[in-house]
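Undergrad: Sharing protein39.tsv here; it has TSV, C-alpha atoms and all ligand atoms.
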```
chain	number	residue	atom	x	y	z
P	1	MET	CA	12.97	-10.98	16.11
P	2	TRP	CA	10.02	-9.76	18.12
P	3	PRO	CA	6.96	-12.02	17.99
P	4	LEU	CA	3.93	-11.19	15.89
P	5	TYR	CA	0.76	-9.90	17.58
P	6	GLU	CA	-2.75	-9.69	16.14
P	7	ILE	CA	-4.44	-6.39	16.93
P	8	PHE	CA	-8.13	-5.85	17.69
P	9	ILE	CA	-9.65	-2.40	18.09
P	10	ARG	CA	-12.96	-1.17	19.46
P	11	THR	CA	-13.76	2.02	17.60
P	12	LYS	CA	-16.36	3.17	20.12
P	13	ASN	CA	-18.40	1.82	22.98
P	14	GLY	CA	-21.26	-0.27	21.74
P	15	LEU	CA	-19.19	-1.87	18.99
P	16	GLU	CA	-17.14	-5.06	19.17
P	17	HIS	CA	-13.36	-5.21	18.95
P	18	ARG	CA	-12.44	-5.86	15.33
P	19	HIS	CA	-9.29	-7.34	13.85
P	20	VAL	CA	-7.31	-4.61	12.11
P	21	GLY	CA	-3.98	-6.27	11.32
P	22	SER	CA	-0.82	-7.38	13.04
P	23	LEU	CA	2.52	-6.03	14.19
P	24	HIS	CA	5.71	-7.10	15.95
P	25	ALA	CA	6.49	-6.23	19.55
P	26	ALA	CA	8.75	-7.52	22.30
P	27	ASP	CA	5.89	-7.99	24.78
P	28	PRO	CA	2.14	-7.32	25.10
P	29	GLU	CA	2.61	-3.86	26.61
P	30	MET	CA	4.74	-2.79	23.68
P	31	ALA	CA	2.23	-4.35	21.29
P	32	ILE	CA	-0.47	-2.10	22.75
P	33	GLU	CA	1.75	0.98	22.47
P	34	ASN	CA	2.73	0.14	18.91
P	35	ALA	CA	-0.88	-0.59	17.99
P	36	ARG	CA	-1.81	2.84	19.33
P	37	ASP	CA	0.73	4.44	16.97
P	38	VAL	CA	0.08	2.22	13.97
P	39	TYR	CA	-3.69	1.82	14.03
P	40	THR	CA	-5.19	4.76	15.95
P	41	ARG	CA	-3.39	7.88	14.71
P	42	ARG	CA	-6.74	9.48	13.90
P	43	GLN	CA	-8.80	8.42	16.89
P	44	GLU	CA	-9.89	5.17	15.27
P	45	GLY	CA	-10.13	3.45	18.64
P	46	ILE	CA	-10.87	3.68	22.33
P	47	SER	CA	-9.75	0.18	23.31
P	48	ILE	CA	-7.10	-2.24	22.06
P	49	TRP	CA	-6.73	-6.01	22.45
P	50	VAL	CA	-3.51	-7.73	21.47
P	51	VAL	CA	-2.83	-11.44	21.27
P	52	GLU	CA	0.28	-13.21	20.09
P	53	SER	CA	-0.52	-14.66	16.68
P	54	LYS	CA	0.69	-18.14	17.64
P	55	HIS	CA	-2.10	-18.38	20.22
P	56	ILE	CA	-4.84	-18.11	17.60
P	57	ALA	CA	-6.26	-21.42	16.43
P	58	ALA	CA	-7.95	-21.15	13.05
P	59	SER	CA	-10.27	-23.40	11.08
P	60	ASN	CA	-8.80	-24.86	7.93
P	61	PRO	CA	-10.28	-23.55	4.66
P	62	GLU	CA	-10.14	-27.09	3.29
P	63	GLN	CA	-12.63	-28.17	5.94
P	64	GLN	CA	-14.97	-25.35	5.07
P	65	GLY	CA	-17.47	-27.84	3.62
P	66	GLU	CA	-17.57	-30.16	6.63
P	67	LEU	CA	-17.84	-27.25	9.03
P	68	PHE	CA	-20.34	-25.01	7.34
P	69	ASP	CA	-22.33	-27.06	4.84
P	70	PRO	CA	-24.58	-28.66	7.49
P	71	ALA	CA	-26.28	-25.27	8.01
P	72	LYS	CA	-27.04	-24.93	4.32
P	73	ASP	CA	-30.24	-27.02	4.16
P	74	LYS	CA	-31.72	-25.71	7.41
P	75	ILE	CA	-33.80	-23.01	5.87
P	76	TYR	CA	-36.38	-23.53	8.62
P	77	ARG	CA	-34.01	-21.50	10.84
P	78	HIS	CA	-34.97	-18.37	8.89
P	79	PRO	CA	-38.21	-16.41	9.43
P	80	THR	CA	-39.10	-16.40	5.73
P	81	PHE	CA	-39.54	-20.20	5.80
P	82	TYR	CA	-42.87	-19.73	7.57
P	83	LYS	CA	-45.67	-18.68	5.22
P	84	LEU	CA	-48.20	-16.37	6.81
P	85	PRO	CA	-50.98	-14.31	5.19
P	86	ASP	CA	-49.92	-10.85	3.95
P	87	GLU	CA	-52.65	-9.01	5.83
P	88	LEU	CA	-51.19	-10.09	9.15
P	89	GLU	CA	-49.31	-7.25	10.91
P	90	ASN	CA	-46.54	-6.90	13.50
P	91	ILE	CA	-45.21	-10.43	13.11
X	1	MET	CA	7.88	-37.23	-9.38
X	2	MET	CA	4.51	-35.95	-8.33
X	3	PRO	CA	1.79	-38.59	-8.17
X	4	LYS	CA	-0.72	-38.22	-10.98
X	5	GLN	CA	-3.54	-37.68	-8.51
X	6	ASN	CA	-1.85	-34.54	-7.10
X	7	ILE	CA	-1.37	-33.02	-10.53
X	8	LEU	CA	-5.06	-33.50	-11.25
X	9	ASP	CA	-5.95	-32.00	-7.88
X	10	ASP	CA	-3.78	-28.99	-8.56
X	11	ALA	CA	-5.38	-28.38	-11.94
X	12	LYS	CA	-8.81	-28.61	-10.36
X	13	LEU	CA	-7.79	-26.29	-7.53
X	14	ALA	CA	-6.39	-23.81	-10.02
X	15	ASP	CA	-9.71	-23.82	-11.89
X	16	GLN	CA	-11.65	-23.29	-8.67
X	17	PHE	CA	-9.26	-20.53	-7.72
X	18	GLN	CA	-9.84	-18.72	-11.01
X	19	ASP	CA	-13.62	-19.18	-10.57
X	20	HIS	CA	-13.42	-17.46	-7.17
X	21	ILE	CA	-11.48	-14.58	-8.71
X	22	ASP	CA	-13.86	-14.30	-11.65
X	23	ALA	CA	-16.77	-14.13	-9.18
X	24	ASP	CA	-14.96	-11.22	-7.47
X	25	GLU	CA	-14.42	-13.20	-4.27
X	26	LYS	CA	-11.36	-12.32	-2.20
X	27	ILE	CA	-8.52	-14.74	-1.59
X	28	GLU	CA	-7.50	-15.04	2.06
X	29	PRO	CA	-4.09	-16.14	3.38
X	30	LYS	CA	-4.96	-19.73	4.29
X	31	ASP	CA	-6.85	-20.44	1.05
X	32	TRP	CA	-5.23	-22.56	-1.61
X	33	MET	CA	-3.49	-20.40	-4.21
X	34	PRO	CA	-1.11	-21.06	-7.10
X	35	ASP	CA	2.54	-20.64	-6.09
X	36	LYS	CA	2.92	-17.93	-8.68
X	37	TYR	CA	0.02	-15.94	-7.19
X	38	ARG	CA	1.64	-16.23	-3.75
X	39	ASN	CA	5.09	-15.26	-4.96
X	40	THR	CA	3.84	-12.38	-7.07
X	41	HIS	CA	2.09	-11.00	-4.01
X	42	ILE	CA	5.05	-11.47	-1.71
X	43	ARG	CA	7.15	-9.56	-4.23
X	44	GLN	CA	4.63	-6.82	-4.91
X	45	ILE	CA	3.46	-6.22	-1.33
X	46	SER	CA	6.96	-6.27	0.14
X	47	GLN	CA	8.23	-3.87	-2.52
X	48	HIS	CA	5.28	-1.62	-1.83
X	49	ALA	CA	6.16	-1.74	1.90
X	50	HIS	CA	9.80	-0.93	1.18
X	51	SER	CA	8.67	2.05	-0.91
X	52	GLU	CA	6.69	3.46	2.01
X	53	ILE	CA	9.67	3.08	4.33
X	54	VAL	CA	12.37	4.37	1.96
X	55	GLY	CA	9.92	7.10	0.95
X	56	MET	CA	10.27	8.63	4.41
X	57	LEU	CA	13.88	9.58	3.68
X	58	PRO	CA	13.52	12.33	1.03
X	59	GLU	CA	10.81	14.08	3.05
X	60	GLY	CA	12.41	13.46	6.42
X	61	ASN	CA	15.27	15.52	5.01
X	62	TRP	CA	13.10	18.65	5.36
X	63	ILE	CA	11.31	18.14	8.69
X	64	GLY	CA	13.93	20.10	10.61
X	65	ARG	CA	13.88	22.87	8.02
X	66	ALA	CA	10.13	23.30	7.48
X	67	PRO	CA	9.38	27.02	7.17
X	68	THR	CA	6.66	27.19	9.84
X	69	LEU	CA	5.41	25.12	12.73
X	70	ARG	CA	2.20	24.41	10.78
X	71	ARG	CA	4.21	22.96	7.90
X	72	LYS	CA	6.40	21.04	10.29
X	73	VAL	CA	3.61	19.24	12.15
X	74	ALA	CA	1.94	18.40	8.81
X	75	LEU	CA	5.12	16.97	7.33
X	76	LEU	CA	5.89	15.07	10.51
X	77	ALA	CA	2.40	13.56	10.51
X	78	LYS	CA	2.70	12.64	6.83
X	79	VAL	CA	6.04	10.92	7.28
X	80	GLN	CA	4.66	9.09	10.31
X	81	ASP	CA	1.74	7.91	8.16
X	82	GLU	CA	4.20	6.52	5.61
X	83	ALA	CA	5.85	4.50	8.39
X	84	GLY	CA	2.39	3.18	9.24
X	85	HIS	CA	1.74	2.30	5.59
X	86	GLY	CA	4.97	0.33	5.50
X	87	LEU	CA	3.91	-1.59	8.61
X	88	TYR	CA	0.40	-2.39	7.31
X	89	LEU	CA	1.99	-3.75	4.16
X	90	TYR	CA	4.75	-5.76	5.83
X	91	SER	CA	2.16	-7.50	7.97
X	92	ALA	CA	-0.02	-8.18	4.90
X	93	ALA	CA	2.99	-9.80	3.18
X	94	GLU	CA	3.76	-11.82	6.30
X	95	THR	CA	0.37	-13.56	6.04
X	96	LEU	CA	1.79	-15.28	2.93
X	97	GLY	CA	4.60	-16.93	4.87
X	98	ILE	CA	7.58	-14.63	4.41
X	99	SER	CA	9.19	-13.24	7.57
X	100	ARG	CA	9.94	-9.61	8.29
X	101	GLU	CA	13.70	-10.31	8.50
X	102	GLU	CA	13.65	-11.97	5.10
X	103	MET	CA	11.95	-8.96	3.55
X	104	ILE	CA	14.32	-6.50	5.17
X	105	ASP	CA	17.23	-8.63	4.11
X	106	GLN	CA	15.97	-8.61	0.50
X	107	LEU	CA	15.78	-4.83	0.62
X	108	HIS	CA	19.29	-4.47	2.01
X	109	THR	CA	20.86	-6.89	-0.47
X	110	GLY	CA	19.10	-5.22	-3.39
X	111	LYS	CA	17.06	-8.32	-4.25
X	112	ALA	CA	13.83	-6.43	-3.56
X	113	LYS	CA	13.25	-3.10	-5.23
X	114	TYR	CA	11.33	-0.06	-4.05
X	115	SER	CA	9.75	2.72	-6.07
X	116	SER	CA	12.41	4.54	-8.08
X	117	ILE	CA	10.86	7.91	-7.34
X	118	PHE	CA	12.59	7.91	-3.96
X	119	ASN	CA	16.00	7.81	-5.62
X	120	TYR	CA	15.71	11.48	-6.52
X	121	PRO	CA	16.98	14.19	-4.15
X	122	THR	CA	14.85	16.81	-2.35
X	123	LEU	CA	16.79	19.98	-3.08
X	124	SER	CA	14.41	22.72	-1.97
X	125	TRP	CA	11.35	23.20	0.22
X	126	ALA	CA	9.22	23.28	-2.94
X	127	ASP	CA	10.15	19.63	-3.49
X	128	ILE	CA	8.09	18.78	-0.41
X	129	GLY	CA	5.12	20.45	-2.08
X	130	ALA	CA	5.78	18.70	-5.39
X	131	ILE	CA	6.13	15.31	-3.72
X	132	GLY	CA	2.83	15.60	-1.86
X	133	TRP	CA	1.04	16.83	-4.95
X	134	LEU	CA	2.61	14.59	-7.61
X	135	VAL	CA	4.16	11.57	-5.91
X	136	ASP	CA	1.35	11.00	-3.43
X	137	GLY	CA	-1.09	11.91	-6.21
X	138	ALA	CA	0.34	9.18	-8.44
X	139	ALA	CA	0.43	6.73	-5.52
X	140	ILE	CA	-3.24	7.43	-4.76
X	141	ILE	CA	-4.30	6.52	-8.31
X	142	ASN	CA	-2.50	3.21	-8.05
X	143	GLN	CA	-3.66	2.54	-4.50
X	144	VAL	CA	-7.31	3.33	-5.12
X	145	MET	CA	-7.23	0.65	-7.81
X	146	LEU	CA	-5.57	-1.74	-5.37
X	147	THR	CA	-8.37	-1.40	-2.79
X	148	ARG	CA	-10.19	-3.80	-5.13
X	149	THR	CA	-7.29	-6.20	-5.57
X	150	SER	CA	-8.10	-9.89	-5.13
X	151	PHE	CA	-5.91	-10.66	-2.09
X	152	GLY	CA	-7.86	-9.76	1.05
X	153	PRO	CA	-5.09	-8.51	3.38
X	154	TYR	CA	-3.57	-6.36	0.60
X	155	ALA	CA	-6.95	-4.86	-0.29
X	156	ARG	CA	-7.72	-4.09	3.36
X	157	ALA	CA	-4.32	-2.44	3.88
X	158	MET	CA	-5.04	-0.32	0.80
X	159	VAL	CA	-8.40	0.85	2.13
X	160	ARG	CA	-6.70	2.03	5.30
X	161	ILE	CA	-3.89	3.67	3.35
X	162	CYS	CA	-6.18	5.46	0.91
X	163	LYS	CA	-8.10	7.06	3.78
X	164	GLU	CA	-4.83	8.61	4.94
X	165	GLU	CA	-3.33	9.59	1.59
X	166	SER	CA	-5.68	12.37	0.68
X	167	PHE	CA	-4.27	14.68	3.35
X	168	HIS	CA	-0.79	13.98	1.97
X	169	GLN	CA	-1.69	15.22	-1.47
X	170	ARG	CA	-3.64	18.22	-0.20
X	171	GLN	CA	-0.87	19.43	2.10
X	172	GLY	CA	1.55	19.16	-0.84
X	173	TYR	CA	-0.70	21.12	-3.14
X	174	GLU	CA	-1.22	23.74	-0.45
X	175	ILE	CA	2.55	24.22	-0.24
X	176	MET	CA	2.69	24.66	-4.04
X	177	LEU	CA	-0.22	27.09	-3.97
X	178	THR	CA	1.40	29.20	-1.26
X	179	LEU	CA	4.67	29.36	-3.20
X	180	CYS	CA	2.91	30.17	-6.47
X	181	ARG	CA	1.04	33.04	-4.82
X	182	GLY	CA	4.23	34.32	-3.21
X	183	THR	CA	7.21	36.23	-4.57
X	184	ASN	CA	8.70	35.58	-8.01
X	185	VAL	CA	11.53	33.64	-6.42
X	186	GLN	CA	9.06	31.41	-4.59
X	187	LYS	CA	7.13	30.78	-7.78
X	188	GLU	CA	10.36	29.90	-9.56
X	189	MET	CA	11.11	27.40	-6.82
X	190	ALA	CA	7.72	25.78	-7.39
X	191	GLN	CA	8.33	25.67	-11.16
X	192	ASP	CA	11.78	24.17	-10.66
X	193	ALA	CA	10.34	21.46	-8.41
X	194	LEU	CA	7.65	20.64	-10.97
X	195	ASN	CA	10.33	20.47	-13.68
X	196	ARG	CA	12.33	17.91	-11.73
X	197	TRP	CA	9.47	15.79	-10.35
X	198	TRP	CA	7.12	15.62	-13.32
X	199	TRP	CA	8.78	12.94	-15.42
X	200	PRO	CA	9.88	10.71	-12.53
X	201	SER	CA	6.25	10.86	-11.30
X	202	LEU	CA	5.00	9.56	-14.67
X	203	MET	CA	7.56	6.77	-14.44
X	204	MET	CA	6.00	5.62	-11.15
X	205	PHE	CA	3.34	3.79	-13.16
X	206	GLY	CA	5.96	1.50	-14.65
X	207	PRO	CA	6.81	0.55	-18.23
X	208	ARG	CA	4.41	0.96	-21.14
X	209	ASP	CA	1.82	-1.79	-21.41
X	210	ASN	CA	3.52	-3.42	-24.38
X	211	GLU	CA	6.76	-3.64	-22.37
X	212	SER	CA	5.11	-4.93	-19.22
X	213	PRO	CA	5.12	-8.73	-19.38
X	214	HIS	CA	3.26	-9.31	-16.09
X	215	THR	CA	0.27	-7.15	-16.88
X	216	GLU	CA	-1.86	-9.84	-18.51
X	217	GLN	CA	-1.53	-12.34	-15.66
X	218	SER	CA	-1.99	-9.58	-13.07
X	219	MET	CA	-5.24	-8.50	-14.72
X	220	LYS	CA	-6.48	-12.09	-14.94
X	221	TRP	CA	-5.85	-12.60	-11.23
X	222	LYS	CA	-7.29	-9.16	-10.50
X	223	ILE	CA	-4.12	-8.08	-8.77
X	224	LYS	CA	-4.36	-5.04	-11.01
X	225	ARG	CA	-7.59	-3.72	-12.44
X	226	LYS	CA	-6.08	-1.16	-14.79
X	227	THR	CA	-2.94	-1.17	-16.90
X	228	ASN	CA	0.10	1.04	-16.34
X	229	ASP	CA	-0.79	3.22	-19.32
X	230	GLU	CA	-4.40	3.66	-18.20
X	231	LEU	CA	-3.30	4.73	-14.72
X	232	ARG	CA	-0.67	7.09	-16.12
X	233	GLN	CA	-3.24	8.72	-18.41
X	234	GLN	CA	-5.62	9.15	-15.48
X	235	PHE	CA	-2.87	10.85	-13.47
X	236	ILE	CA	-2.00	13.24	-16.28
X	237	ASP	CA	-5.66	14.08	-16.86
X	238	ASN	CA	-6.10	14.85	-13.16
X	239	THR	CA	-2.90	16.81	-12.77
X	240	ALA	CA	-2.63	19.03	-15.86
X	241	PRO	CA	-5.52	21.33	-14.82
X	242	GLN	CA	-4.06	21.52	-11.30
X	243	ALA	CA	-0.79	22.84	-12.75
X	244	ASP	CA	-2.78	25.40	-14.77
X	245	PHE	CA	-4.49	26.50	-11.57
X	246	LEU	CA	-1.09	27.05	-9.95
X	247	GLY	CA	0.04	29.02	-13.00
X	248	ILE	CA	3.14	26.91	-13.57
X	249	THR	CA	4.03	24.86	-16.63
X	250	ILE	CA	4.38	21.12	-16.93
X	251	PRO	CA	7.75	20.50	-18.62
X	252	ASP	CA	6.34	18.70	-21.66
X	253	PRO	CA	5.93	20.66	-24.92
X	254	ASP	CA	3.72	17.88	-26.31
X	255	LEU	CA	1.22	18.03	-23.46
X	256	LYS	CA	-2.15	19.17	-24.76
X	257	TRP	CA	-5.82	18.37	-24.44
X	258	ASN	CA	-7.10	16.08	-27.16
X	259	GLU	CA	-10.79	16.80	-27.62
X	260	SER	CA	-11.50	13.66	-29.65
X	261	ARG	CA	-9.84	11.31	-27.13
X	262	LYS	CA	-11.10	13.34	-24.16
X	263	HIS	CA	-7.63	12.92	-22.68
X	264	TYR	CA	-4.36	14.83	-22.62
X	265	ASP	CA	-1.75	13.81	-25.18
X	266	PHE	CA	1.77	13.82	-23.80
X	267	GLY	CA	5.38	13.40	-24.84
X	268	GLU	CA	7.64	10.37	-24.68
X	269	ILE	CA	9.08	9.37	-21.32
X	270	ASP	CA	12.87	8.94	-21.13
X	271	TRP	CA	12.87	5.18	-20.61
X	272	ASP	CA	16.66	5.02	-20.50
X	273	GLU	CA	16.53	7.16	-17.37
X	274	PHE	CA	13.79	4.92	-15.97
X	275	TRP	CA	15.86	1.74	-16.40
X	276	THR	CA	19.04	3.42	-15.14
X	277	VAL	CA	17.34	4.29	-11.85
X	278	VAL	CA	15.57	0.92	-11.56
X	279	LYS	CA	18.92	-0.81	-12.00
X	280	GLY	CA	20.36	1.11	-9.06
X	281	ASN	CA	22.20	3.96	-10.76
X	282	GLY	CA	19.90	6.87	-9.99
X	283	PRO	CA	21.12	9.96	-8.15
X	284	MET	CA	20.27	8.71	-4.65
X	285	ASN	CA	20.05	4.88	-4.84
X	286	LYS	CA	23.18	4.27	-2.83
X	287	GLU	CA	22.48	6.92	-0.24
X	288	ARG	CA	18.93	5.63	0.38
X	289	LEU	CA	20.00	2.03	0.86
X	290	ASP	CA	22.91	3.04	3.06
X	291	ALA	CA	20.54	5.06	5.25
X	292	ARG	CA	18.21	2.06	5.64
X	293	LYS	CA	21.04	-0.33	6.44
X	294	LYS	CA	22.51	2.10	8.97
X	295	ALA	CA	19.15	2.52	10.71
X	296	TRP	CA	18.68	-1.25	10.88
X	297	LYS	CA	22.17	-1.84	12.21
X	298	GLU	CA	22.05	0.92	14.78
X	299	GLY	CA	18.68	-0.33	16.01
X	300	THR	CA	19.97	-3.85	16.67
X	301	TRP	CA	20.80	-3.26	20.32
X	302	VAL	CA	17.37	-1.74	20.92
X	303	ARG	CA	15.60	-4.77	19.45
X	304	GLU	CA	17.76	-7.13	21.47
X	305	ALA	CA	17.42	-5.16	24.70
X	306	ALA	CA	13.62	-5.06	24.38
X	307	LEU	CA	13.48	-8.83	23.90
X	308	ALA	CA	15.81	-9.45	26.84
X	309	TYR	CA	13.69	-7.15	29.02
X	310	ALA	CA	10.51	-8.92	27.95
X	311	SER	CA	11.88	-12.38	28.71
X	312	ASN	CA	13.14	-11.30	32.16
X	313	LYS	CA	9.80	-9.87	33.14
X	314	VAL	CA	7.63	-12.02	35.41
X	315	HIS	CA	4.16	-12.15	33.93
E	401	FE	FE	1.92	6.00	1.75
E	402	FE	FE	1.52	9.30	1.26
```
Re-express the file's structure as structure tokens.
Ligand SMILES: [Fe+2]
Ligand SMILES: [Fe+2]

TA:
Amino acid sequence: MWPLYEIFIRTKNGLEHRHVGSLHAADPEMAIENARDVYTRRQEGISIWVVESKHIAASNPEQQGELFDPAKDKIYRHPTFYKLPDELENI
Amino acid sequence: MMPKQNILDDAKLADQFQDHIDADEKIEPKDWMPDKYRNTHIRQISQHAHSEIVGMLPEGNWIGRAPTLRRKVALLAKVQDEAGHGLYLYSAAETLGISREEMIDQLHTGKAKYSSIFNYPTLSWADIGAIGWLVDGAAIINQVMLTRTSFGPYARAMVRICKEESFHQRQGYEIMLTLCRGTNVQKEMAQDALNRWWWPSLMMFGPRDNESPHTEQSMKWKIKRKTNDELRQQFIDNTAPQADFLGITIPDPDLKWNESRKHYDFGEIDWDEFWTVVKGNGPMNKERLDARKKAWKEGTWVREAALAYASNKVH
């Protein structure tokens, strides 16, 4: 069976490539051609990236806490943490 | 035997899982999920994918005989969309750990079903109008609900599909409208197509709620957000005035507006016919499966040749 590819599409210049789904293809060139037919039949894209799914390393949902909790108590990274008088403008 | 600790963990995970669902959070492929949730989705998404793929056959039957070039390009584009829908859905199912070959094998051996509506024949050009109007119309009602389903990849595939479906229904209705404004013979063709497709379209929503054992669990897991009977009623309420507009008659003497319910009342569906077709004995079951198996078999050399070519290429 043909390997699985993940497909990323840029809808227009100025926007990032976004994951849209996956498909099977014999090689990267065919993955691009198939992605054109499957995901851009109505001009949804101007650029396609394909990558074989097995090359994507993903974080494990079970480690979500370890990975992302440390940012939780760092509210001083947000502008609203700093109290300034209301009458102040342009800041 | 499972260690006690694991059983406790599973119960806790199941509770957390339900909390996520209750909070309207999506479930993503790598998240923990109950086996039954996974298996229900593999079954439902793959059967939905098979329906899109098998669904190309009755309409494909008329591409070469479309009455004008305008109709032909529209039908071709619609059938191509259905192929795309099948592919979105197969890849959504694959995120749950089933392979494409396994799914195709389940279709070919009859283990996996597809929507029974595609086991009816397309006898005249008007059937292409009726299918777009009624079959895609019924599919849209179900699929709009599924854009809010709890499994992320399925919901995202549905959003993409729903954007494309509306043209399918409109091109079908336009065919019906053209026929109904044409000669008497053309109008009769439209009426005949409505007569044959009406009841099978109502059956697309599945058994009555009280005969549908999975409904409760599916609602709890937010796989479905509305019951079969609710969706069917919505379809009838949408469609009855559209038939009036065409000037043709829905083949149900009991169909009439009920002012107190604010819904149409309608007659009893022939559930024997429904189960006969589900069990594989509809007019076209064998022909549809044979066509799929033949296409798969005859494509084998192409799949193999493409792989061989890819592995010989120097990158
Ligand atoms: Fe579709
Ligand atoms: Fe469709």

Undergrad: Would you mind listing what lies within 12 Å of P:Gln43 as a short mmCIF file (atom, residue, chain, number, x, y, z; two decimals) with C-alpha atoms, keeping the file's coordinate frame, with all atoms listed in the file counted and same-chain residues fewer than 5 positions away left out?

TA:
```cif
data_model
loop_
_atom_site.label_atom_id
_atom_site.label_comp_id
_atom_site.auth_asym_id
_atom_site.auth_seq_id
_atom_site.Cartn_x
_atom_site.Cartn_y
_atom_site.Cartn_z
CA ILE P 9 -9.65 -2.40 18.09
CA ARG P 10 -12.96 -1.17 19.46
CA THR P 11 -13.76 2.02 17.60
CA LYS P 12 -16.36 3.17 20.12
CA ARG P 36 -1.81 2.84 19.33
CA ASP P 37 0.73 4.44 16.97
CA VAL P 38 0.08 2.22 13.97
CA ILE P 48 -7.10 -2.24 22.06
#
```

Undergrad: May I have the residues of chain P within 7 Å of chain X, counting all atoms listed in the file, written as a PDB file with C-alpha atoms, keeping the file's coordinate frame?

TA:
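Written output follows (iface_34.pdb):
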```
ATOM      1  CA  TRP P   2      10.020  -9.760  18.120  1.00  0.00           C
ATOM      2  CA  SER P  22      -0.820  -7.380  13.040  1.00  0.00           C
ATOM      3  CA  LEU P  23       2.520  -6.030  14.190  1.00  0.00           C
ATOM      4  CA  ALA P  26       8.750  -7.520  22.300  1.00  0.00           C
ATOM      5  CA  ASP P  27       5.890  -7.990  24.780  1.00  0.00           C
ATOM      6  CA  VAL P  38       0.080   2.220  13.970  1.00  0.00           C
ATOM      7  CA  PRO P  61     -10.280 -23.550   4.660  1.00  0.00           C
TER       8      PRO P  61
END
```

Undergrad: Collect all residues with atoms no farther than 10 Å from ligand FE 402 (chain E), counting only C-alpha atoms and all ligand atoms, and output them as a PyMOL selection string.

TA: chain X and resi 52+55-56+78-83+85+131-133+135-140+161-162+164-169

Undergrad: Find the residues around X:Glu102 up to 12 Å (all atoms listed in the file counted), leave out those fewer than 5 positions away in its own chain, and share them as a PyMOL selection string.

TA: (chain P and resi 1) or (chain X and resi 42-43+46+90+93-94+97+107-109+111-112)

Undergrad: Go ahead and save the picked residues with C-alpha atoms, as a compact mmCIF listing (two decimals), in the frame of the given file.

TA:
```
# COMPACT_ATOMS: atom_id res chain seq x y z
CA MET P 1 12.97 -10.98 16.11
CA ILE X 42 5.05 -11.47 -1.71
CA ARG X 43 7.15 -9.56 -4.23
CA SER X 46 6.96 -6.27 0.14
CA TYR X 90 4.75 -5.76 5.83
CA ALA X 93 2.99 -9.80 3.18
CA GLU X 94 3.76 -11.82 6.30
CA GLY X 97 4.60 -16.93 4.87
CA LEU X 107 15.78 -4.83 0.62
CA HIS X 108 19.29 -4.47 2.01
CA THR X 109 20.86 -6.89 -0.47
CA LYS X 111 17.06 -8.32 -4.25
CA ALA X 112 13.83 -6.43 -3.56
```

Undergrad: Which distance in Å separates atom CA of P:Asn13 and atom CA of P:Arg42, to one decimal?

TA: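 Interatomic distance here is 16.6 Å.
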
Undergrad: Out of P:Glu62, P:Arg41, P:Ser47, P:Pro28, which residue has the shortest atom-to-atom distance to X:Leu13 when counting only C-alpha atoms?

TA: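 So, comparing all the options, the nearest one is P:Glu62.
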
Undergrad: Determine the nearest neighbour of ligand FE 401 (chain E) from the options X:His50, X:Lys293, X:Lys12, X:Lys226, counting all atoms listed in the file.

TA: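 Closest residue, counting all atoms listed in the file: X:His50.
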
Undergrad: State, in Å with one decimal place, the distance from atom CA of X:Tyr264 to atom CA of X:Gln234.

TA: 9.2 Å

Undergrad: Write out as a ChimeraX atom specification the residues lying within 12 Å of X:Lys36, counting only C-alpha atoms and excluding same-chain residues fewer than 2 positions away.

TA: /X:14,32-34,38-44,96,214,217-218,221

Undergrad: Between X:Leu76, X:Met176, X:Ile45, X:Val159, single out the one closest to X:Ile223, counting only C-alpha atoms.

TA: X:Ile45

Undergrad: Please indicate the distance in Å from atom CA of X:Ile175 to atom CA of X:Gly247, rounded to one decimal place.

TA: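 Atom CA of X:Ile175 sits 13.9 Å away from atom CA of X:Gly247.
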
Undergrad: With a distance cut-off of 9 Å and all atoms listed in the file, select the neighbouring residues of stretch 286-292 of chain X, excluding the residue or stretch itself and same-chain residues fewer than 2 positions from it, and output the selection as a ChimeraX atom specification.

TA: /X:53-54,57-58,107-108,110,118-119,280-284,294-297

Undergrad: Smallest atom-to-atom distance to ligand FE 401 (chain E): which of X:Ala243, X:Ile63, X:Ala126, X:Met158, using all atoms listed in the file?

TA: X:Met158

Undergrad: Restricting the calculation to all atoms listed in the file, which member of X:Arg148, X:Lys187, X:Lys220, X:Lys163 is positioned closest to ligand FE 401 (chain E)?

TA: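 Looking at the shortest contact to ligand FE 401 (chain E), the residue is X:Lys163.
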
Undergrad: Which of these residues is nearest to P:Glu33, using all atoms listed in the file: P:Ile56, P:Leu4, P:Val50, P:Leu88?

TA: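 For P:Glu33, the nearest of the candidates is P:Val50.
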
Undergrad: Would you mind listing what lies within 10 Å of P:Glu6 as a list in words, with all atoms listed in the file counted and same-chain residues fewer than 6 positions away left out?

TA: His19, Val20, Gly21, Ser22, Leu23, His24, Ala31, Ala35, Trp49, Val50, Val51, Glu52, Ser53, Lys54, His55 and Ile56 of chain P; Ser91 of chain X

Undergrad: Would you place a box with edges along x, y and z of the file around all atoms of stretch 23-31 of chain X listed there, add 6 Å to each of its six sides, and report the centre and edge lengths in Å to one decimal, as JSON?

TA:
```
{"center_x": -10.4, "center_y": -15.8, "center_z": -2.4, "size_x": 24.7, "size_y": 21.2, "size_z": 25.5}
```
